[in-house]
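Engineer: What follows is the file entry08.txt, containing compact mmCIF, C-alpha atoms and all ligand atoms:
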```txt
# COMPACT_ATOMS: atom_id res chain seq x y z
CA MET J 9 120.25 113.20 112.65
CA THR J 10 121.72 109.84 113.65
CA TYR J 11 120.21 106.80 115.26
CA LYS J 12 121.74 104.17 117.45
CA ASN J 13 120.23 101.14 115.84
CA ASN J 14 121.48 97.64 116.37
CA HIS J 15 119.44 96.52 113.38
CA LEU J 16 117.52 93.66 114.92
CA ILE J 17 115.08 94.28 112.11
CA THR J 18 116.77 94.08 108.72
CA ARG J 19 115.70 94.25 105.11
CA ASP J 20 116.52 90.51 104.67
CA ILE J 21 113.55 89.67 106.86
CA PHE J 22 111.23 91.09 104.23
CA ASP J 23 112.41 88.46 101.75
CA LYS J 24 111.57 85.68 104.20
CA VAL J 25 108.30 86.76 105.79
CA ILE J 26 106.37 89.06 103.47
CA LEU J 27 104.29 87.75 100.58
CA PRO J 28 106.58 88.45 97.64
CA VAL J 29 104.32 90.84 95.73
CA TYR J 30 106.69 93.79 96.20
CA ALA J 31 110.40 94.42 95.83
CA PRO J 32 110.96 97.40 98.15
CA ALA J 33 114.15 99.47 98.23
CA GLN J 34 117.05 98.11 100.28
CA PHE J 35 116.81 100.69 103.08
CA ILE J 36 114.13 100.79 105.78
CA PRO J 37 112.66 104.22 106.53
CA VAL J 38 112.18 104.80 110.24
CA LYS J 39 111.29 108.48 110.50
CA GLY J 40 109.82 111.22 108.34
CA LYS J 41 109.32 114.96 108.76
CA GLY J 42 107.92 117.12 106.00
CA SER J 43 109.61 116.08 102.76
CA ARG J 44 112.52 114.31 104.44
CA VAL J 45 112.83 110.68 105.49
CA TRP J 46 115.55 108.95 107.51
CA ASP J 47 116.56 105.30 107.35
CA GLN J 48 117.87 102.97 110.08
CA ASP J 49 121.39 104.35 109.67
CA GLY J 50 120.28 107.96 109.96
CA GLU J 51 120.76 108.59 106.24
CA GLU J 52 118.47 111.36 105.03
CA TYR J 53 116.36 111.17 101.87
CA ILE J 54 114.32 113.79 100.05
CA ASP J 55 110.88 112.43 99.33
CA PHE J 56 109.43 113.17 95.88
CA ALA J 57 107.21 110.06 96.07
CA GLY J 58 104.98 111.01 98.99
CA GLY J 59 103.94 107.42 99.63
CA ILE J 60 102.46 107.35 96.09
CA ALA J 61 100.58 110.65 96.22
CA VAL J 62 99.31 109.94 99.75
CA ASN J 63 101.41 112.20 102.00
CA ALA J 64 100.02 115.41 100.52
CA LEU J 65 101.21 117.35 103.58
CA GLY J 66 104.50 115.52 103.94
CA HIS J 67 105.38 113.31 106.88
CA CYS J 68 104.04 113.96 110.37
CA HIS J 69 102.38 117.29 109.57
CA PRO J 70 101.65 118.96 112.93
CA ASN J 71 97.93 119.39 112.16
CA LEU J 72 97.55 115.69 111.42
CA VAL J 73 99.65 114.59 114.39
CA LYS J 74 97.50 116.76 116.65
CA ALA J 75 94.22 115.40 115.24
CA LEU J 76 95.42 111.80 115.54
CA HIS J 77 96.70 112.31 119.05
CA GLU J 78 93.54 114.01 120.29
CA GLN J 79 91.23 111.43 118.72
CA SER J 80 93.41 108.56 119.98
CA GLU J 81 92.51 109.53 123.53
CA LYS J 82 88.78 109.78 122.81
CA LEU J 83 87.43 106.98 120.62
CA TRP J 84 89.14 104.62 118.16
CA HIS J 85 86.45 102.46 116.69
CA VAL J 86 82.76 101.72 117.03
CA SER J 87 81.87 100.06 113.64
CA ASN J 88 78.95 101.26 111.57
CA VAL J 89 76.45 99.85 114.02
CA PHE J 90 77.03 103.30 115.56
CA THR J 91 77.96 106.54 113.87
CA ASN J 92 80.61 108.95 115.14
CA GLU J 93 81.35 112.67 115.13
CA PRO J 94 84.53 112.74 112.99
CA ALA J 95 82.83 110.75 110.20
CA LEU J 96 79.88 113.14 110.11
CA GLN J 97 82.21 116.14 110.19
CA LEU J 98 84.31 114.86 107.30
CA ALA J 99 81.22 113.91 105.28
CA LYS J 100 79.87 117.46 105.69
CA LYS J 101 83.17 118.96 104.56
CA LEU J 102 83.22 116.78 101.44
CA ILE J 103 79.60 117.59 100.62
CA ASP J 104 80.02 121.32 101.22
CA HIS J 105 82.93 121.51 98.77
CA THR J 106 81.81 119.17 95.96
CA PHE J 107 78.81 118.25 93.79
CA ALA J 108 77.92 115.44 96.17
CA ASP J 109 75.05 114.96 98.66
CA ARG J 110 76.05 111.58 100.11
CA VAL J 111 79.27 109.93 101.23
CA PHE J 112 80.29 106.32 101.83
CA PHE J 113 83.55 105.85 103.72
CA ALA J 114 85.91 102.92 103.22
CA ASN J 115 89.60 102.27 103.83
CA SER J 116 91.31 102.16 100.43
CA GLY J 117 90.94 103.36 96.89
CA ALA J 118 89.99 99.90 95.68
CA GLU J 119 87.18 99.67 98.22
CA ALA J 120 85.82 103.09 97.27
CA ASN J 121 85.81 102.01 93.62
CA GLU J 122 84.29 98.65 94.49
CA ALA J 123 81.46 100.56 96.20
CA ALA J 124 81.13 102.91 93.21
CA LEU J 125 80.87 100.04 90.72
CA LYS J 126 78.41 98.10 92.87
CA LEU J 127 76.34 101.25 93.30
CA ALA J 128 76.31 101.93 89.56
CA ARG J 129 75.22 98.36 88.78
CA HIS J 130 72.61 98.38 91.53
CA TYR J 131 71.22 101.75 90.46
CA ALA J 132 70.81 100.65 86.85
CA ILE J 133 69.26 97.33 87.81
CA GLU J 134 66.82 98.84 90.30
CA LYS J 135 65.89 101.81 88.16
CA TYR J 136 66.00 100.47 84.60
CA SER J 137 66.59 96.80 83.87
CA PRO J 138 68.43 93.72 85.16
CA TYR J 139 70.37 93.75 81.88
CA LYS J 140 71.77 97.26 82.26
CA THR J 141 75.13 96.12 83.57
CA LYS J 142 77.79 97.08 81.01
CA ILE J 143 80.72 99.02 82.44
CA ILE J 144 82.92 101.00 80.06
CA SER J 145 86.50 101.56 81.15
CA PHE J 146 89.77 102.58 79.50
CA THR J 147 93.07 101.02 78.59
CA HIS J 148 95.93 101.88 80.98
CA SER J 149 93.44 102.81 83.71
CA PHE J 150 93.97 101.66 87.28
CA HIS J 151 91.20 101.31 89.85
CA GLY J 152 92.65 99.07 92.57
CA ARG J 153 93.42 95.42 93.27
CA THR J 154 90.17 93.79 94.34
CA PHE J 155 88.96 91.36 91.71
CA PHE J 156 86.18 93.65 90.45
CA THR J 157 88.48 96.70 90.33
CA VAL J 158 91.37 94.93 88.54
CA SER J 159 88.86 93.57 86.06
CA VAL J 160 87.54 97.07 85.42
CA GLY J 161 91.08 98.50 85.31
CA GLY J 162 92.63 98.57 81.88
CA GLN J 163 95.86 96.67 82.54
CA ALA J 164 95.68 92.92 81.84
CA LYS J 165 98.89 92.31 83.79
CA TYR J 166 96.94 93.01 86.98
CA SER J 167 93.78 91.05 86.14
CA ASP J 168 95.03 87.95 84.30
CA GLY J 169 95.86 84.74 86.11
CA PHE J 170 92.98 84.65 88.58
CA GLY J 171 90.36 82.71 86.65
CA PRO J 172 87.03 83.94 85.28
CA LYS J 173 86.55 87.70 85.56
CA PRO J 174 83.34 89.54 86.36
CA ALA J 175 81.44 89.89 83.08
CA ASP J 176 80.17 92.82 81.01
CA ILE J 177 83.19 95.10 81.30
CA VAL J 178 84.64 96.62 78.13
CA HIS J 179 87.84 98.61 77.63
CA VAL J 180 88.40 101.23 74.96
CA PRO J 181 91.29 103.65 74.35
CA PHE J 182 91.47 106.68 76.67
CA ASN J 183 90.63 110.06 75.14
CA ASP J 184 88.94 108.31 72.19
CA LEU J 185 85.38 109.62 72.21
CA ASP J 186 84.43 107.76 69.03
CA ALA J 187 85.39 104.49 70.68
CA VAL J 188 83.01 105.25 73.56
CA LYS J 189 80.28 106.26 71.11
CA ALA J 190 80.67 102.97 69.28
CA ILE J 191 80.18 100.85 72.39
CA ILE J 192 77.86 102.79 74.74
CA ASP J 193 74.20 101.73 74.64
CA ASP J 194 71.05 101.40 76.76
CA HIS J 195 72.61 98.43 78.54
CA THR J 196 75.49 100.54 79.84
CA CYS J 197 75.29 101.32 83.56
CA ALA J 198 78.54 103.27 83.97
CA VAL J 199 81.62 104.80 82.44
CA ILE J 200 84.57 104.98 84.84
CA LEU J 201 87.75 106.99 84.31
CA GLU J 202 90.58 108.84 85.98
CA PRO J 203 90.64 112.51 84.85
CA VAL J 204 94.43 112.11 85.01
CA GLN J 205 95.50 108.47 84.66
CA GLY J 206 97.88 107.90 87.56
CA GLU J 207 99.49 104.45 87.38
CA GLY J 208 98.94 104.28 83.63
CA GLY J 209 101.41 107.03 82.69
CA LEU J 210 99.94 110.39 83.80
CA THR J 211 97.84 111.01 80.71
CA CYS J 212 95.33 113.84 81.20
CA ALA J 213 91.83 113.54 79.81
CA THR J 214 91.21 116.12 77.11
CA PRO J 215 88.40 118.59 77.89
CA GLU J 216 86.49 117.50 74.76
CA PHE J 217 86.71 113.89 75.85
CA LEU J 218 85.31 114.50 79.34
CA THR J 219 82.56 116.77 78.00
CA GLY J 220 81.72 114.23 75.31
CA VAL J 221 81.63 111.28 77.72
CA ARG J 222 79.37 113.26 80.06
CA ALA J 223 76.93 113.91 77.19
CA LEU J 224 76.95 110.24 76.14
CA CYS J 225 76.29 109.11 79.72
CA ASP J 226 73.32 111.48 79.89
CA GLU J 227 71.98 110.22 76.56
CA PHE J 228 72.12 106.56 77.61
CA ASN J 229 71.28 106.96 81.33
CA ALA J 230 74.69 105.69 82.36
CA LEU J 231 76.46 107.00 85.45
CA LEU J 232 79.78 108.76 85.07
CA ILE J 233 82.30 107.70 87.71
CA PHE J 234 85.47 109.74 88.25
CA ASP J 235 88.21 107.87 90.07
CA GLU J 236 90.07 110.74 91.75
CA VAL J 237 91.84 108.44 94.19
CA GLN J 238 95.20 109.72 92.95
CA CYS J 239 94.42 113.02 91.21
CA GLY J 240 92.00 114.39 93.84
CA MET J 241 92.42 116.17 97.17
CA GLY J 242 94.52 119.06 95.93
CA ARG J 243 97.05 117.04 93.96
CA THR J 244 96.43 118.86 90.67
CA GLY J 245 95.90 122.35 92.13
CA THR J 246 92.16 122.29 92.88
CA LEU J 247 90.39 120.28 95.57
CA PHE J 248 89.23 117.82 92.89
CA THR J 249 90.37 117.68 89.29
CA TYR J 250 86.86 117.63 87.79
CA GLU J 251 86.50 121.30 88.83
CA GLN J 252 89.16 122.24 86.26
CA TYR J 253 87.18 120.58 83.46
CA GLY J 254 83.77 121.89 84.49
CA VAL J 255 82.45 118.33 84.05
CA THR J 256 80.59 116.87 87.02
CA PRO J 257 80.47 113.11 87.62
CA ASP J 258 77.61 111.18 89.24
CA ILE J 259 80.01 109.32 91.49
CA LEU J 260 83.51 110.32 92.60
CA THR J 261 86.03 108.30 94.56
CA SER J 262 88.77 109.71 96.76
CA ALA J 263 91.49 108.04 98.84
CA LYS J 264 95.29 108.47 98.93
CA ALA J 265 95.69 112.12 100.05
CA LEU J 266 92.31 112.08 101.80
CA GLY J 267 93.93 110.80 104.99
CA GLY J 268 97.40 112.26 104.37
CA GLY J 269 98.89 108.86 105.27
CA PHE J 270 96.13 107.40 107.42
CA PRO J 271 94.12 104.80 105.48
CA ILE J 272 90.72 106.16 104.47
CA SER J 273 88.68 106.48 101.29
CA ALA J 274 85.36 107.91 100.30
CA MET J 275 82.79 107.44 97.58
CA LEU J 276 80.75 110.56 96.87
CA THR J 277 77.46 110.66 95.00
CA THR J 278 74.18 112.49 94.55
CA GLU J 279 70.92 112.12 96.44
CA ALA J 280 69.25 110.67 93.33
CA VAL J 281 71.83 107.93 92.80
CA SER J 282 72.07 107.06 96.48
CA SER J 283 68.29 106.64 96.68
CA VAL J 284 68.53 102.98 95.58
CA MET J 285 70.66 102.03 98.59
CA HIS J 286 69.18 100.70 101.84
CA PRO J 287 70.63 99.29 105.05
CA GLY J 288 72.37 96.01 104.26
CA VAL J 289 72.96 96.51 100.51
CA HIS J 290 76.65 97.33 101.05
CA GLY J 291 78.90 97.74 104.08
CA THR J 292 82.28 97.80 105.80
CA THR J 293 83.56 97.26 109.34
CA TYR J 294 86.23 99.96 109.46
CA GLY J 295 84.91 102.49 106.94
CA GLY J 296 84.29 105.84 108.61
CA ASN J 297 86.47 104.89 111.57
CA PRO J 298 86.80 107.87 113.98
CA LEU J 299 90.63 107.86 113.96
CA ALA J 300 90.77 107.90 110.17
CA CYS J 301 88.06 110.55 109.87
CA ALA J 302 89.60 112.81 112.52
CA VAL J 303 92.86 112.79 110.57
CA GLY J 304 90.85 113.20 107.35
CA CYS J 305 89.18 116.35 108.73
CA ALA J 306 92.56 117.89 109.59
CA ALA J 307 93.99 116.92 106.19
CA PHE J 308 90.95 118.33 104.41
CA ASP J 309 91.07 121.69 106.19
CA THR J 310 94.81 122.02 105.64
CA ILE J 311 94.83 121.00 101.97
CA ASN J 312 91.67 122.94 101.07
CA SER J 313 93.25 126.32 101.76
CA ASP J 314 94.57 129.01 99.43
CA GLU J 315 97.88 128.70 101.17
CA VAL J 316 98.34 125.12 99.94
CA LEU J 317 96.39 125.05 96.67
CA ALA J 318 97.73 128.34 95.31
CA GLY J 319 101.33 127.15 95.55
CA ILE J 320 100.94 124.02 93.47
CA TYR J 321 101.33 125.46 89.96
CA ALA J 322 104.50 127.33 90.93
CA LYS J 323 105.96 124.16 92.45
CA ARG J 324 105.13 122.23 89.29
CA ALA J 325 106.87 124.94 87.25
CA LEU J 326 109.95 124.70 89.45
CA PHE J 327 110.02 120.90 89.14
CA ILE J 328 109.78 121.17 85.35
CA ALA J 329 112.47 123.88 85.22
CA GLU J 330 114.81 121.65 87.24
CA LEU J 331 113.97 118.58 85.13
CA GLU J 332 114.53 120.60 82.00
CA LYS J 333 118.04 121.53 83.21
CA ILE J 334 118.75 117.81 83.57
CA ASN J 335 117.23 117.24 80.16
CA GLN J 336 119.42 119.89 78.55
CA GLN J 337 122.46 118.16 79.95
CA PHE J 338 121.55 114.51 79.36
CA ASP J 339 118.82 114.46 76.69
CA LEU J 340 116.50 112.20 78.62
CA PHE J 341 112.87 113.29 78.44
CA SER J 342 110.48 113.59 75.53
CA GLN J 343 107.65 115.38 77.39
CA TYR J 344 106.22 116.36 80.77
CA LYS J 345 102.85 114.91 81.70
CA GLY J 346 100.09 115.10 84.31
CA LYS J 347 98.77 118.13 86.17
CA GLY J 348 99.94 120.03 89.23
CA LEU J 349 102.06 117.88 91.51
CA LEU J 350 100.98 114.73 89.74
CA LEU J 351 103.92 115.18 87.43
CA GLY J 352 105.39 112.82 84.87
CA ALA J 353 108.57 113.01 82.85
CA GLU J 354 108.43 110.63 79.91
CA LEU J 355 111.71 109.02 78.92
CA ASN J 356 112.66 109.49 75.30
CA ALA J 357 113.09 106.67 72.77
CA LYS J 358 116.59 105.82 73.95
CA TYR J 359 115.45 105.04 77.51
CA GLN J 360 112.03 103.48 76.88
CA GLY J 361 111.23 100.81 79.46
CA LYS J 362 114.02 101.96 81.79
CA ALA J 363 112.13 103.99 84.40
CA ARG J 364 113.01 101.55 87.18
CA ASP J 365 116.75 102.00 86.60
CA PHE J 366 116.35 105.71 87.33
CA LEU J 367 114.37 105.27 90.51
CA ASN J 368 116.59 102.54 91.90
CA THR J 369 119.64 104.70 91.32
CA ALA J 370 117.84 107.75 92.72
CA THR J 371 117.52 106.00 96.11
CA GLN J 372 121.31 105.49 96.11
CA PHE J 373 121.61 109.26 95.77
CA LYS J 374 119.06 109.80 98.58
CA VAL J 375 116.03 110.95 96.69
CA MET J 376 112.78 108.98 96.43
CA ILE J 377 110.89 109.03 93.13
CA LEU J 378 108.34 106.78 91.39
CA ASN J 379 107.53 105.41 87.98
CA ALA J 380 104.18 105.27 86.18
CA GLY J 381 104.49 102.39 83.77
CA THR J 382 107.95 101.54 82.50
CA SER J 383 108.78 104.77 80.65
CA VAL J 384 107.46 107.62 82.78
CA LEU J 385 109.16 108.95 85.92
CA ARG J 386 106.53 110.14 88.39
CA PHE J 387 106.87 112.88 90.99
CA THR J 388 104.11 113.09 93.62
CA PRO J 389 105.72 115.04 96.45
CA SER J 390 104.13 116.79 99.39
CA LEU J 391 101.99 119.69 98.22
CA VAL J 392 103.87 121.87 100.72
CA ILE J 393 107.40 120.83 99.77
CA SER J 394 109.74 123.85 99.91
CA ASP J 395 111.49 125.25 96.85
CA GLN J 396 114.78 124.55 98.58
CA GLU J 397 113.86 120.86 98.95
CA ILE J 398 112.80 120.65 95.30
CA LYS J 399 116.18 122.08 94.21
CA GLU J 400 118.18 119.91 96.56
CA GLY J 401 116.28 116.75 95.60
CA MET J 402 116.73 117.57 91.91
CA ALA J 403 120.48 118.04 92.39
CA ARG J 404 120.61 114.55 93.92
CA PHE J 405 118.46 113.23 91.09
CA ALA J 406 120.80 114.80 88.52
CA SER J 407 123.70 112.83 90.04
CA ALA J 408 121.63 109.65 89.79
CA VAL J 409 120.81 110.38 86.16
CA LYS J 410 124.48 110.92 85.40
CA LYS J 411 125.31 107.54 86.87
CA VAL J 412 122.53 105.69 85.01
CA ILE J 413 123.45 107.32 81.73
CA SER J 414 127.15 106.59 82.07
CA ALA J 415 126.25 102.89 82.01
CA TYR J 416 124.76 103.20 78.50
C1 LIG R 501 96.00 103.96 94.10
C2 LIG R 501 94.78 103.96 93.24
C3 LIG R 501 93.70 103.10 93.47
C4 LIG R 501 93.75 102.01 94.52
O1 LIG R 501 93.87 102.50 95.80
P1 LIG R 501 94.28 101.49 97.00
O2 LIG R 501 94.20 102.34 98.20
O3 LIG R 501 95.63 100.96 96.67
O4 LIG R 501 93.26 100.40 96.99
C5 LIG R 501 92.58 103.24 92.70
N1 LIG R 501 92.51 104.16 91.73
C6 LIG R 501 93.52 105.00 91.46
C7 LIG R 501 93.38 106.03 90.39
C8 LIG R 501 94.71 104.91 92.20
O5 LIG R 501 95.73 105.72 91.91
```
As structure tokens, please, write out the structure in this file.
Ligand SMILES: *Cc1c(COP(=O)(O)O)cnc(C)c1O

Structural biologist:
Amino acid sequence: MTYKNNHLITRDIFDKVILPVYAPAQFIPVKGKGSRVWDQDGEEYIDFAGGIAVNALGHCHPNLVKALHEQSEKLWHVSNVFTNEPALQLAKKLIDHTFADRVFFANSGAEANEAALKLARHYAIEKYSPYKTKIISFTHSFHGRTFFTVSVGGQAKYSDGFGPKPADIVHVPFNDLDAVKAIIDDHTCAVILEPVQGEGGLTCATPEFLTGVRALCDEFNALLIFDEVQCGMGRTGTLFTYEQYGVTPDILTSAKALGGGFPISAMLTTEAVSSVMHPGVHGTTYGGNPLACAVGCAAFDTINSDEVLAGIYAKRALFIAELEKINQQFDLFSQYKGKGLLLGAELNAKYQGKARDFLNTATQFKVMILNAGTSVLRFTPSLVISDQEIKEGMARFASAVKKVISAY
């Protein structure tokens, strides 16, 4: 596929006009289909990044295109002064397939978590005491970039440098149940965690840890919040990851794959917890927007099918087999992390801190990958990527690895 492009829009413009909080790759993607992306020059890339675990059905999946197109000719936006059919449909789907009874829609993972944290504080204050405000979170966790969510997140590099932080938030090591035991008390309103830490390096919660935290939350009347923004919506092989642990949260947040590329997020909770909310306590202009929810409905129905979910473990196995071939040749990885197609390959001692070198070089060889922290390569492809695309992308990645390694 080639494009006649006179390049009126070039990558240089980014450096002049966009707030410099990102350093995107040098090419500009202009088209995507399935697990392939093309740039302005018609160069084709294999996409193992999936827009950071967002494009769970690849680019321009026909079901999503159809839903967006049909809704775009009906109704775009009405605000929450009015409700709309797609929002109610999507809410029912989420409720029918999870522990939840109530849904709040927003537009991003951070906003869903912001709503979850405000709800947990409000619930504890209304139901128990104005002093029940402590939030327990974990090191290396990531919950978004609003000021409350970076403060709750366990990575100081994202929360320092903005002045006084919201108070009464404590961080303890992930998977350390004794550390939670030591700090949880009657003043704790919530424990928040990612069942698989996404940005923080793809560490999975241990089953004992999740079971133990659930029991502690029950003992101290604290709400358990699962941030499944990255690990939910099929990514790890079940609709939500908590199903695999048999541990049910009080609040769950979803975003990323929920809209398959259209911005939408949701906070799910129980009837009991939602009972403290009333009109005016929290809100959003765009949340539950009909366009977003129509796409969300199509994404939900497509992802939540045996056809998609049943293939995920085999695709993970193929990814690991291909990575292991590269590892045999170049001695690069110390372990594979994550679950399902939230897959990490941790660089061994020799390449610690060098993840970015591998992904930058990978784009030169026409394959898109991610990092999670500085020493884990992250693969979050479409859940319906073909075996052929996995093999082809891995062959390109192997060439990139060879080049990076030859420079050492
Ligand atoms: C991406 C992410 C967020 C933030 O989502 P945004 O849509 O960027 O606000 C929150 N939590 C987790 C676990 C994430 O991976």

Engineer: List as an mmCIF file with C-alpha atoms, in the coordinates of the input the protein and nucleic acid residues near Gly40 (chain J), meaning an atom at most 7 Å away when only C-alpha atoms are counted, but skip any in the same chain fewer than 2 places from it.

Structural biologist:
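Saved result, selection-v3.cif, follows:
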```cif
data_model
loop_
_atom_site.group_PDB
_atom_site.id
_atom_site.type_symbol
_atom_site.label_atom_id
_atom_site.label_comp_id
_atom_site.auth_asym_id
_atom_site.auth_seq_id
_atom_site.Cartn_x
_atom_site.Cartn_y
_atom_site.Cartn_z
ATOM 1 C CA GLY J 42 107.920 117.120 106.000
ATOM 2 C CA ARG J 44 112.520 114.310 104.440
ATOM 3 C CA VAL J 45 112.830 110.680 105.490
ATOM 4 C CA TRP J 46 115.550 108.950 107.510
ATOM 5 C CA HIS J 67 105.380 113.310 106.880
ATOM 6 C CA CYS J 68 104.040 113.960 110.370
#
```

Engineer: So which one's closest to Asp339 (chain J), J:Ala380, J:Val409, J:Val86, J:Leu201? Using only C-alpha atoms, please.

Structural biologist: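 Comparing J:Ala380, J:Val409, J:Val86, J:Leu201 against Asp339 (chain J), the winner is J:Val409.
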
Engineer: Enumerate as a list in words the residues within 6 Å of ligand LIG 501 (chain R), counting all atoms listed in the file.

Structural biologist: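 Based on all atoms listed in the file, ligand LIG 501 (chain R) is surrounded within 6 Å by Ser116, Gly117, Ala118, Phe150, His151, Gly152, Glu202, Gly206, Asp235, Glu236, Val237 and Gln238 of chain J.
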
Engineer: Which is closest to Thr141 (chain J) among J:Cys301, J:Ile192, J:Cys212, J:Ala95, if we use only C-alpha atoms?

Structural biologist: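 Smallest separation from Thr141 (chain J) among the options: J:Ile192.
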
Engineer: Quick one: everything within 10 Å of region 348-360 of chain J, counting only C-alpha atoms, minus sequence neighbours fewer than 5 positions away in the same chain. Send it as a compact mmCIF listing (two decimals) with C-alpha atoms, in the coordinates of the input.

Structural biologist:
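What follows is the written file part_26.txt:
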```txt
# COMPACT_ATOMS: atom_id res chain seq x y z
CA PHE J 56 109.43 113.17 95.88
CA ILE J 60 102.46 107.35 96.09
CA ALA J 61 100.58 110.65 96.22
CA ALA J 64 100.02 115.41 100.52
CA VAL J 204 94.43 112.11 85.01
CA GLN J 205 95.50 108.47 84.66
CA GLY J 206 97.88 107.90 87.56
CA GLY J 209 101.41 107.03 82.69
CA LEU J 210 99.94 110.39 83.80
CA THR J 211 97.84 111.01 80.71
CA GLN J 238 95.20 109.72 92.95
CA CYS J 239 94.42 113.02 91.21
CA GLY J 240 92.00 114.39 93.84
CA GLY J 242 94.52 119.06 95.93
CA ARG J 243 97.05 117.04 93.96
CA THR J 244 96.43 118.86 90.67
CA GLY J 245 95.90 122.35 92.13
CA THR J 246 92.16 122.29 92.88
CA THR J 249 90.37 117.68 89.29
CA LEU J 317 96.39 125.05 96.67
CA GLY J 319 101.33 127.15 95.55
CA ILE J 320 100.94 124.02 93.47
CA TYR J 321 101.33 125.46 89.96
CA ALA J 322 104.50 127.33 90.93
CA LYS J 323 105.96 124.16 92.45
CA ARG J 324 105.13 122.23 89.29
CA ALA J 325 106.87 124.94 87.25
CA PHE J 327 110.02 120.90 89.14
CA ILE J 328 109.78 121.17 85.35
CA LEU J 331 113.97 118.58 85.13
CA GLU J 332 114.53 120.60 82.00
CA ASN J 335 117.23 117.24 80.16
CA ASP J 339 118.82 114.46 76.69
CA LEU J 340 116.50 112.20 78.62
CA PHE J 341 112.87 113.29 78.44
CA SER J 342 110.48 113.59 75.53
CA GLN J 343 107.65 115.38 77.39
CA ASP J 365 116.75 102.00 86.60
CA PHE J 366 116.35 105.71 87.33
CA LEU J 378 108.34 106.78 91.39
CA ASN J 379 107.53 105.41 87.98
CA ALA J 380 104.18 105.27 86.18
CA GLY J 381 104.49 102.39 83.77
CA THR J 382 107.95 101.54 82.50
CA SER J 383 108.78 104.77 80.65
CA VAL J 384 107.46 107.62 82.78
CA LEU J 385 109.16 108.95 85.92
CA ARG J 386 106.53 110.14 88.39
CA PHE J 387 106.87 112.88 90.99
CA THR J 388 104.11 113.09 93.62
CA PRO J 389 105.72 115.04 96.45
CA SER J 390 104.13 116.79 99.39
CA LEU J 391 101.99 119.69 98.22
CA ILE J 413 123.45 107.32 81.73
CA TYR J 416 124.76 103.20 78.50
```

Engineer: Given the point (106.0, 99.2, 98.4) in the file's coordinates, find the residues that have an atom at most 12 Å from it, counting all atoms listed in the file, and give them as an NGL selection string.

Structural biologist: :J and (22 or 26-37 or 57-60 or 378)

Engineer: Using all atoms listed in the file, which residues sit within 9 Å of Ser273 (chain J) once same-chain residues fewer than 4 positions away are excluded, as an MDAnalysis selection string?

Structural biologist: chainID J and resid 112:120 237 261:264 266:267 295:296

Engineer: What does the distance from CA of Tyr253 (chain J) to CA of Asn229 (chain J) come to in Å, to one decimal?

Structural biologist: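 Rounded to one decimal, the two atoms are 21.0 Å apart.
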
Engineer: Using all atoms listed in the file for the distances, tell me which of J:Asn14, J:Glu330, J:Val221, J:Phe338 is nearest to Met402 (chain J).

Structural biologist: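 Selected residue with least distance to Met402 (chain J): J:Glu330.
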
Engineer: List as a PDB file with C-alpha atoms, in the coordinates of the input the protein and nucleic acid residues near Ser145 (chain J), meaning an atom at most 12 Å away when all atoms listed in the file are counted, but skip any in the same chain fewer than 6 places from it.

Structural biologist:
```pdb
ATOM      1  CA  LEU J 125      80.870 100.040  90.720  1.00  0.00           C
ATOM      2  CA  HIS J 151      91.200 101.310  89.850  1.00  0.00           C
ATOM      3  CA  THR J 157      88.480  96.700  90.330  1.00  0.00           C
ATOM      4  CA  VAL J 158      91.370  94.930  88.540  1.00  0.00           C
ATOM      5  CA  SER J 159      88.860  93.570  86.060  1.00  0.00           C
ATOM      6  CA  VAL J 160      87.540  97.070  85.420  1.00  0.00           C
ATOM      7  CA  GLY J 161      91.080  98.500  85.310  1.00  0.00           C
ATOM      8  CA  GLY J 162      92.630  98.570  81.880  1.00  0.00           C
ATOM      9  CA  GLN J 163      95.860  96.670  82.540  1.00  0.00           C
ATOM     10  CA  ASP J 176      80.170  92.820  81.010  1.00  0.00           C
ATOM     11  CA  ILE J 177      83.190  95.100  81.300  1.00  0.00           C
ATOM     12  CA  VAL J 178      84.640  96.620  78.130  1.00  0.00           C
ATOM     13  CA  HIS J 179      87.840  98.610  77.630  1.00  0.00           C
ATOM     14  CA  VAL J 180      88.400 101.230  74.960  1.00  0.00           C
ATOM     15  CA  PRO J 181      91.290 103.650  74.350  1.00  0.00           C
ATOM     16  CA  PHE J 182      91.470 106.680  76.670  1.00  0.00           C
ATOM     17  CA  ASN J 183      90.630 110.060  75.140  1.00  0.00           C
ATOM     18  CA  ASP J 184      88.940 108.310  72.190  1.00  0.00           C
ATOM     19  CA  ALA J 187      85.390 104.490  70.680  1.00  0.00           C
ATOM     20  CA  VAL J 188      83.010 105.250  73.560  1.00  0.00           C
ATOM     21  CA  ILE J 191      80.180 100.850  72.390  1.00  0.00           C
ATOM     22  CA  ILE J 192      77.860 102.790  74.740  1.00  0.00           C
ATOM     23  CA  THR J 196      75.490 100.540  79.840  1.00  0.00           C
ATOM     24  CA  CYS J 197      75.290 101.320  83.560  1.00  0.00           C
ATOM     25  CA  ALA J 198      78.540 103.270  83.970  1.00  0.00           C
ATOM     26  CA  VAL J 199      81.620 104.800  82.440  1.00  0.00           C
ATOM     27  CA  ILE J 200      84.570 104.980  84.840  1.00  0.00           C
ATOM     28  CA  LEU J 201      87.750 106.990  84.310  1.00  0.00           C
ATOM     29  CA  GLU J 202      90.580 108.840  85.980  1.00  0.00           C
ATOM     30  CA  GLN J 205      95.500 108.470  84.660  1.00  0.00           C
ATOM     31  CA  VAL J 221      81.630 111.280  77.720  1.00  0.00           C
ATOM     32  CA  LEU J 232      79.780 108.760  85.070  1.00  0.00           C
ATOM     33  CA  ILE J 233      82.300 107.700  87.710  1.00  0.00           C
ATOM     34  CA  PHE J 234      85.470 109.740  88.250  1.00  0.00           C
ATOM     35  CA  ASP J 235      88.210 107.870  90.070  1.00  0.00           C
TER      36      ASP J 235
END
```
